[in-house]
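Shown here: work23.txt, compact mmCIF, N, CA and C atoms and all ligand atoms.
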# COMPACT_ATOMS: atom_id res chain seq x y z
N MET L 78 0.85 -1.19 0.00
CA MET L 78 0.00 0.00 0.00
C MET L 78 0.89 1.25 0.00
N PRO L 79 1.04 1.89 -1.12
CA PRO L 79 1.92 3.07 -1.21
C PRO L 79 1.45 4.19 -0.29
N GLY L 80 2.38 4.75 0.44
CA GLY L 80 2.06 5.89 1.29
C GLY L 80 1.27 5.54 2.52
N HIS L 81 1.02 4.26 2.75
CA HIS L 81 0.24 3.86 3.91
C HIS L 81 1.11 3.00 4.81
N ARG L 82 1.52 3.58 5.95
CA ARG L 82 2.39 2.84 6.87
C ARG L 82 1.61 2.42 8.09
N THR L 83 1.65 1.16 8.39
CA THR L 83 0.99 0.66 9.60
C THR L 83 1.99 -0.19 10.37
N HIS L 84 1.67 -0.43 11.64
CA HIS L 84 2.49 -1.30 12.48
C HIS L 84 3.95 -0.86 12.49
N THR L 85 4.13 0.44 12.67
CA THR L 85 5.50 0.94 12.74
C THR L 85 6.04 0.81 14.17
N VAL L 86 5.18 0.40 15.10
CA VAL L 86 5.59 0.21 16.49
C VAL L 86 5.87 -1.27 16.72
N PRO L 87 7.03 -1.60 17.28
CA PRO L 87 7.35 -3.02 17.56
C PRO L 87 6.30 -3.68 18.43
N ALA L 88 6.09 -4.98 18.24
CA ALA L 88 5.01 -5.70 18.91
C ALA L 88 5.05 -5.53 20.43
N GLU L 89 6.25 -5.64 21.00
CA GLU L 89 6.32 -5.56 22.47
C GLU L 89 5.98 -4.16 22.96
N GLN L 90 6.19 -3.16 22.13
CA GLN L 90 5.83 -1.80 22.52
C GLN L 90 4.38 -1.50 22.21
N ARG L 91 3.80 -2.22 21.25
CA ARG L 91 2.37 -2.02 20.96
C ARG L 91 1.53 -2.35 22.17
N ALA L 92 1.89 -3.43 22.89
CA ALA L 92 1.13 -3.83 24.06
C ALA L 92 1.17 -2.72 25.12
N LEU L 93 2.35 -2.15 25.31
CA LEU L 93 2.49 -1.07 26.29
C LEU L 93 1.75 0.17 25.82
N LEU L 94 1.86 0.45 24.53
CA LEU L 94 1.19 1.62 23.98
C LEU L 94 -0.32 1.47 24.10
N ARG L 95 -0.81 0.26 23.87
CA ARG L 95 -2.24 0.02 23.99
C ARG L 95 -2.70 0.30 25.43
N ASP L 96 -1.92 -0.19 26.40
CA ASP L 96 -2.27 0.06 27.80
C ASP L 96 -2.23 1.55 28.11
N ALA L 97 -1.22 2.23 27.61
CA ALA L 97 -1.09 3.67 27.88
C ALA L 97 -2.27 4.42 27.29
N LEU L 98 -2.64 4.09 26.07
CA LEU L 98 -3.77 4.77 25.43
C LEU L 98 -5.08 4.41 26.13
N ALA L 99 -5.21 3.15 26.54
CA ALA L 99 -6.43 2.75 27.23
C ALA L 99 -6.57 3.52 28.54
N ASP L 100 -5.45 3.70 29.24
CA ASP L 100 -5.48 4.50 30.47
C ASP L 100 -5.90 5.94 30.16
N ALA L 101 -5.31 6.49 29.12
CA ALA L 101 -5.62 7.87 28.74
C ALA L 101 -7.09 8.01 28.38
N VAL L 102 -7.60 7.04 27.63
CA VAL L 102 -9.01 7.06 27.24
C VAL L 102 -9.89 6.96 28.49
N PHE L 103 -9.48 6.08 29.42
CA PHE L 103 -10.26 5.90 30.64
C PHE L 103 -10.40 7.21 31.40
N TYR L 104 -9.29 7.95 31.52
CA TYR L 104 -9.33 9.18 32.29
C TYR L 104 -10.00 10.32 31.54
N ARG L 105 -10.09 10.21 30.23
CA ARG L 105 -10.74 11.26 29.44
C ARG L 105 -12.21 10.99 29.21
N ASP L 106 -12.62 9.75 29.43
CA ASP L 106 -14.01 9.40 29.23
C ASP L 106 -14.87 10.24 30.18
N PRO L 107 -15.97 10.77 29.68
CA PRO L 107 -16.83 11.56 30.57
C PRO L 107 -17.27 10.73 31.77
N PRO L 108 -17.34 11.36 32.94
CA PRO L 108 -17.78 10.64 34.14
C PRO L 108 -19.23 10.20 34.00
N VAL L 109 -19.55 9.12 34.70
CA VAL L 109 -20.94 8.64 34.64
C VAL L 109 -21.87 9.67 35.27
N ASP L 110 -21.42 10.24 36.38
CA ASP L 110 -22.22 11.26 37.06
C ASP L 110 -21.55 12.62 36.94
N CYS L 111 -22.21 13.55 36.28
CA CYS L 111 -21.69 14.91 36.16
C CYS L 111 -22.87 15.86 36.34
N ASP L 112 -22.78 16.70 37.34
CA ASP L 112 -23.89 17.61 37.63
C ASP L 112 -24.16 18.55 36.46
N ALA L 113 -23.09 19.01 35.80
CA ALA L 113 -23.26 19.93 34.68
C ALA L 113 -24.00 19.25 33.53
N CYS L 114 -23.63 17.98 33.26
CA CYS L 114 -24.32 17.23 32.20
C CYS L 114 -25.78 17.00 32.58
N ASP L 115 -26.02 16.66 33.85
CA ASP L 115 -27.38 16.43 34.30
C ASP L 115 -28.23 17.68 34.09
N ALA L 116 -27.65 18.85 34.41
CA ALA L 116 -28.38 20.11 34.28
C ALA L 116 -28.71 20.40 32.81
N LEU L 117 -27.80 20.00 31.91
CA LEU L 117 -28.00 20.26 30.49
C LEU L 117 -28.84 19.17 29.81
N ASP L 118 -28.95 18.02 30.50
CA ASP L 118 -29.54 16.83 29.89
C ASP L 118 -28.76 16.47 28.62
N GLY L 119 -27.44 16.59 28.73
CA GLY L 119 -26.54 16.30 27.60
C GLY L 119 -25.12 16.45 28.09
N LEU L 120 -24.17 16.55 27.16
CA LEU L 120 -22.77 16.70 27.54
C LEU L 120 -22.42 18.17 27.78
N CYS L 121 -21.82 18.44 28.94
CA CYS L 121 -21.33 19.79 29.19
C CYS L 121 -20.04 20.00 28.39
N ASP L 122 -19.56 21.23 28.36
CA ASP L 122 -18.37 21.54 27.56
C ASP L 122 -17.17 20.69 27.97
N ALA L 123 -16.97 20.56 29.30
CA ALA L 123 -15.81 19.81 29.78
C ALA L 123 -15.88 18.35 29.36
N CYS L 124 -17.06 17.75 29.49
CA CYS L 124 -17.21 16.33 29.13
C CYS L 124 -17.13 16.15 27.62
N ALA L 125 -17.67 17.10 26.85
CA ALA L 125 -17.59 17.02 25.40
C ALA L 125 -16.13 17.09 24.95
N ALA L 126 -15.35 17.95 25.60
CA ALA L 126 -13.93 18.07 25.26
C ALA L 126 -13.20 16.78 25.63
N GLY L 127 -13.55 16.22 26.78
CA GLY L 127 -12.91 14.97 27.20
C GLY L 127 -13.22 13.84 26.25
N LEU L 128 -14.47 13.78 25.81
CA LEU L 128 -14.88 12.74 24.88
C LEU L 128 -14.15 12.88 23.55
N ALA L 129 -14.03 14.12 23.08
CA ALA L 129 -13.31 14.36 21.83
C ALA L 129 -11.86 13.91 21.96
N ARG L 130 -11.24 14.17 23.11
CA ARG L 130 -9.85 13.77 23.33
C ARG L 130 -9.74 12.25 23.39
N ALA L 131 -10.70 11.62 24.06
CA ALA L 131 -10.69 10.16 24.15
C ALA L 131 -10.79 9.54 22.76
N ARG L 132 -11.65 10.12 21.92
CA ARG L 132 -11.78 9.60 20.55
C ARG L 132 -10.50 9.82 19.76
N ALA L 133 -9.81 10.94 20.01
CA ALA L 133 -8.55 11.20 19.33
C ALA L 133 -7.51 10.16 19.75
N TYR L 134 -7.50 9.79 21.04
CA TYR L 134 -6.58 8.75 21.52
C TYR L 134 -6.85 7.43 20.81
N LEU L 135 -8.13 7.09 20.69
CA LEU L 135 -8.48 5.83 20.05
C LEU L 135 -8.06 5.84 18.58
N ALA L 136 -8.26 6.98 17.92
CA ALA L 136 -7.87 7.11 16.52
C ALA L 136 -6.36 6.98 16.37
N LEU L 137 -5.61 7.56 17.32
CA LEU L 137 -4.16 7.45 17.30
C LEU L 137 -3.75 6.00 17.46
N GLY L 138 -4.41 5.29 18.36
CA GLY L 138 -4.10 3.88 18.57
C GLY L 138 -4.32 3.07 17.30
N ARG L 139 -5.44 3.33 16.64
CA ARG L 139 -5.72 2.61 15.39
C ARG L 139 -4.68 2.94 14.34
N ALA L 140 -4.27 4.20 14.26
CA ALA L 140 -3.28 4.63 13.28
C ALA L 140 -1.94 3.93 13.51
N LEU L 141 -1.67 3.60 14.78
CA LEU L 141 -0.41 2.95 15.13
C LEU L 141 -0.53 1.44 15.15
N GLY L 142 -1.71 0.93 14.82
CA GLY L 142 -1.89 -0.51 14.75
C GLY L 142 -2.23 -1.16 16.07
N VAL L 143 -2.70 -0.37 17.05
CA VAL L 143 -3.13 -0.95 18.32
C VAL L 143 -4.59 -0.58 18.56
N ASP L 144 -5.28 -1.42 19.29
CA ASP L 144 -6.68 -1.15 19.62
C ASP L 144 -6.79 -0.86 21.10
N ALA L 145 -7.00 0.40 21.43
CA ALA L 145 -7.00 0.81 22.83
C ALA L 145 -8.39 0.67 23.47
N SER L 146 -9.40 0.33 22.67
CA SER L 146 -10.73 0.16 23.24
C SER L 146 -10.88 -1.24 23.80
N ARG L 147 -11.37 -1.34 24.99
CA ARG L 147 -11.55 -2.66 25.59
C ARG L 147 -12.59 -2.57 26.68
ZN ZN Q 201 -20.23 16.92 32.19

Turn this file's structure into structure tokens for me.
Ligand SMILES: [Zn+2]
Amino acid sequence: MPGHRTHTVPAEQRALLRDALADAVFYRDPPVDCDACDALDGLCDACAAGLARARAYLALGRALGVDASR
């Protein structure tokens, strides 16, 4: 596949990278209980930003050939 590079991270580092990204996603995931979200009946700005960052982490993981969602 010209111009398409995947699995540029060594296997033993992919496992660590997956864990690191999964941790990052975990901490960026919107909390189950958020008073601001409850008041809005939706995602508040802080949670929306966190969710966007979590999705960016997952996309980065996929780009590097690891799946951080679990
Ligand atoms: Zn919130």

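Residue nearest Ala97 of chain L, chosen from L:Ala140, L:Leu135, L:Gly119, L:Cys114 and counting only C-alpha atoms: L:Leu135.
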
Report as a tab-separated table the residues of chain L within 6.5 Å of ligand ZN 201 (chain Q), each with its shortest atom pair and distance in Å (one decimal), using all atoms listed in the file, ordered by chain and increasing residue number.
residue	atom	partner	partner_atom	distance
L:Pro108	N	Q:ZN201	ZN	6.3
L:Cys111	CA	Q:ZN201	ZN	4.7
L:Asp112	N	Q:ZN201	ZN	5.8
L:Ala113	C	Q:ZN201	ZN	4.6
L:Cys114	N	Q:ZN201	ZN	3.7
L:Asp115	N	Q:ZN201	ZN	6.0
L:Gly119	C	Q:ZN201	ZN	6.4
L:Leu120	C	Q:ZN201	ZN	5.1
L:Cys121	N	Q:ZN201	ZN	3.9
L:Asp122	N	Q:ZN201	ZN	5.8
L:Ala123	C	Q:ZN201	ZN	5.4
L:Cys124	N	Q:ZN201	ZN	4.2
L:Ala125	N	Q:ZN201	ZN	5.9

Skipping near chain neighbours, those fewer than 6 positions away, what residues fall within 8 Å of segment 98-104 of chain L using only N, CA and C atoms, listed as an mmCIF file with N, CA and C atoms, in the coordinates of the input?
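Written out: around-v1.cif:
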data_model
loop_
_atom_site.group_PDB
_atom_site.id
_atom_site.type_symbol
_atom_site.label_atom_id
_atom_site.label_comp_id
_atom_site.auth_asym_id
_atom_site.auth_seq_id
_atom_site.Cartn_x
_atom_site.Cartn_y
_atom_site.Cartn_z
ATOM 1 N N ALA L 92 1.890 -3.430 22.890
ATOM 2 C CA ALA L 92 1.130 -3.830 24.060
ATOM 3 C C ALA L 92 1.170 -2.720 25.120
ATOM 4 N N GLY L 127 -13.550 16.220 26.780
ATOM 5 C CA GLY L 127 -12.910 14.970 27.200
ATOM 6 C C GLY L 127 -13.220 13.840 26.250
ATOM 7 N N ARG L 130 -11.240 14.170 23.110
ATOM 8 C CA ARG L 130 -9.850 13.770 23.330
ATOM 9 C C ARG L 130 -9.740 12.250 23.390
ATOM 10 N N ALA L 131 -10.700 11.620 24.060
ATOM 11 C CA ALA L 131 -10.690 10.160 24.150
ATOM 12 C C ALA L 131 -10.790 9.540 22.760
ATOM 13 N N ARG L 132 -11.650 10.120 21.920
ATOM 14 C CA ARG L 132 -11.780 9.600 20.550
ATOM 15 C C ARG L 132 -10.500 9.820 19.760
ATOM 16 N N TYR L 134 -7.500 9.790 21.040
ATOM 17 C CA TYR L 134 -6.580 8.750 21.520
ATOM 18 C C TYR L 134 -6.850 7.430 20.810
ATOM 19 N N LEU L 135 -8.130 7.090 20.690
ATOM 20 C CA LEU L 135 -8.480 5.830 20.050
ATOM 21 C C LEU L 135 -8.060 5.840 18.580
ATOM 22 N N GLY L 138 -4.410 5.290 18.360
ATOM 23 C CA GLY L 138 -4.100 3.880 18.570
ATOM 24 C C GLY L 138 -4.320 3.070 17.300
ATOM 25 N N ASP L 144 -5.280 -1.420 19.290
ATOM 26 C CA ASP L 144 -6.680 -1.150 19.620
ATOM 27 C C ASP L 144 -6.790 -0.860 21.100
ATOM 28 N N ALA L 145 -7.000 0.400 21.430
ATOM 29 C CA ALA L 145 -7.000 0.810 22.830
ATOM 30 C C ALA L 145 -8.390 0.670 23.470
ATOM 31 N N SER L 146 -9.400 0.330 22.670
ATOM 32 C CA SER L 146 -10.730 0.160 23.240
ATOM 33 C C SER L 146 -10.880 -1.240 23.800
ATOM 34 N N ARG L 147 -11.370 -1.340 24.990
ATOM 35 C CA ARG L 147 -11.550 -2.660 25.590
ATOM 36 C C ARG L 147 -12.590 -2.570 26.680
#

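Atom to atom, atom C of Gln90 of chain L and atom N of Ala136 of chain L stand 15.8 Å apart.
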
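If you look at atom CA of Pro107 of chain L and atom CA of Leu137 of chain L, they are 18.8 Å away from each other.
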
**OP:** Identify, with DSSP run on backbone atoms, the residues in chain L assigned to helix (DSSP H, G or I), and express the list as a ChimeraX atom specification.
**Re:** /L:88-105,112-117,122-140

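For the choices L:Leu93, L:Val86, L:Val109, L:Leu117, the atom-to-atom distance to Gly142 of chain L is smallest for L:Val86 when using only N, CA and C atoms.
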
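Picture a line from atom C of Asp118 of chain L to atom CA of Arg105 of chain L; it runs 18.8 Å.
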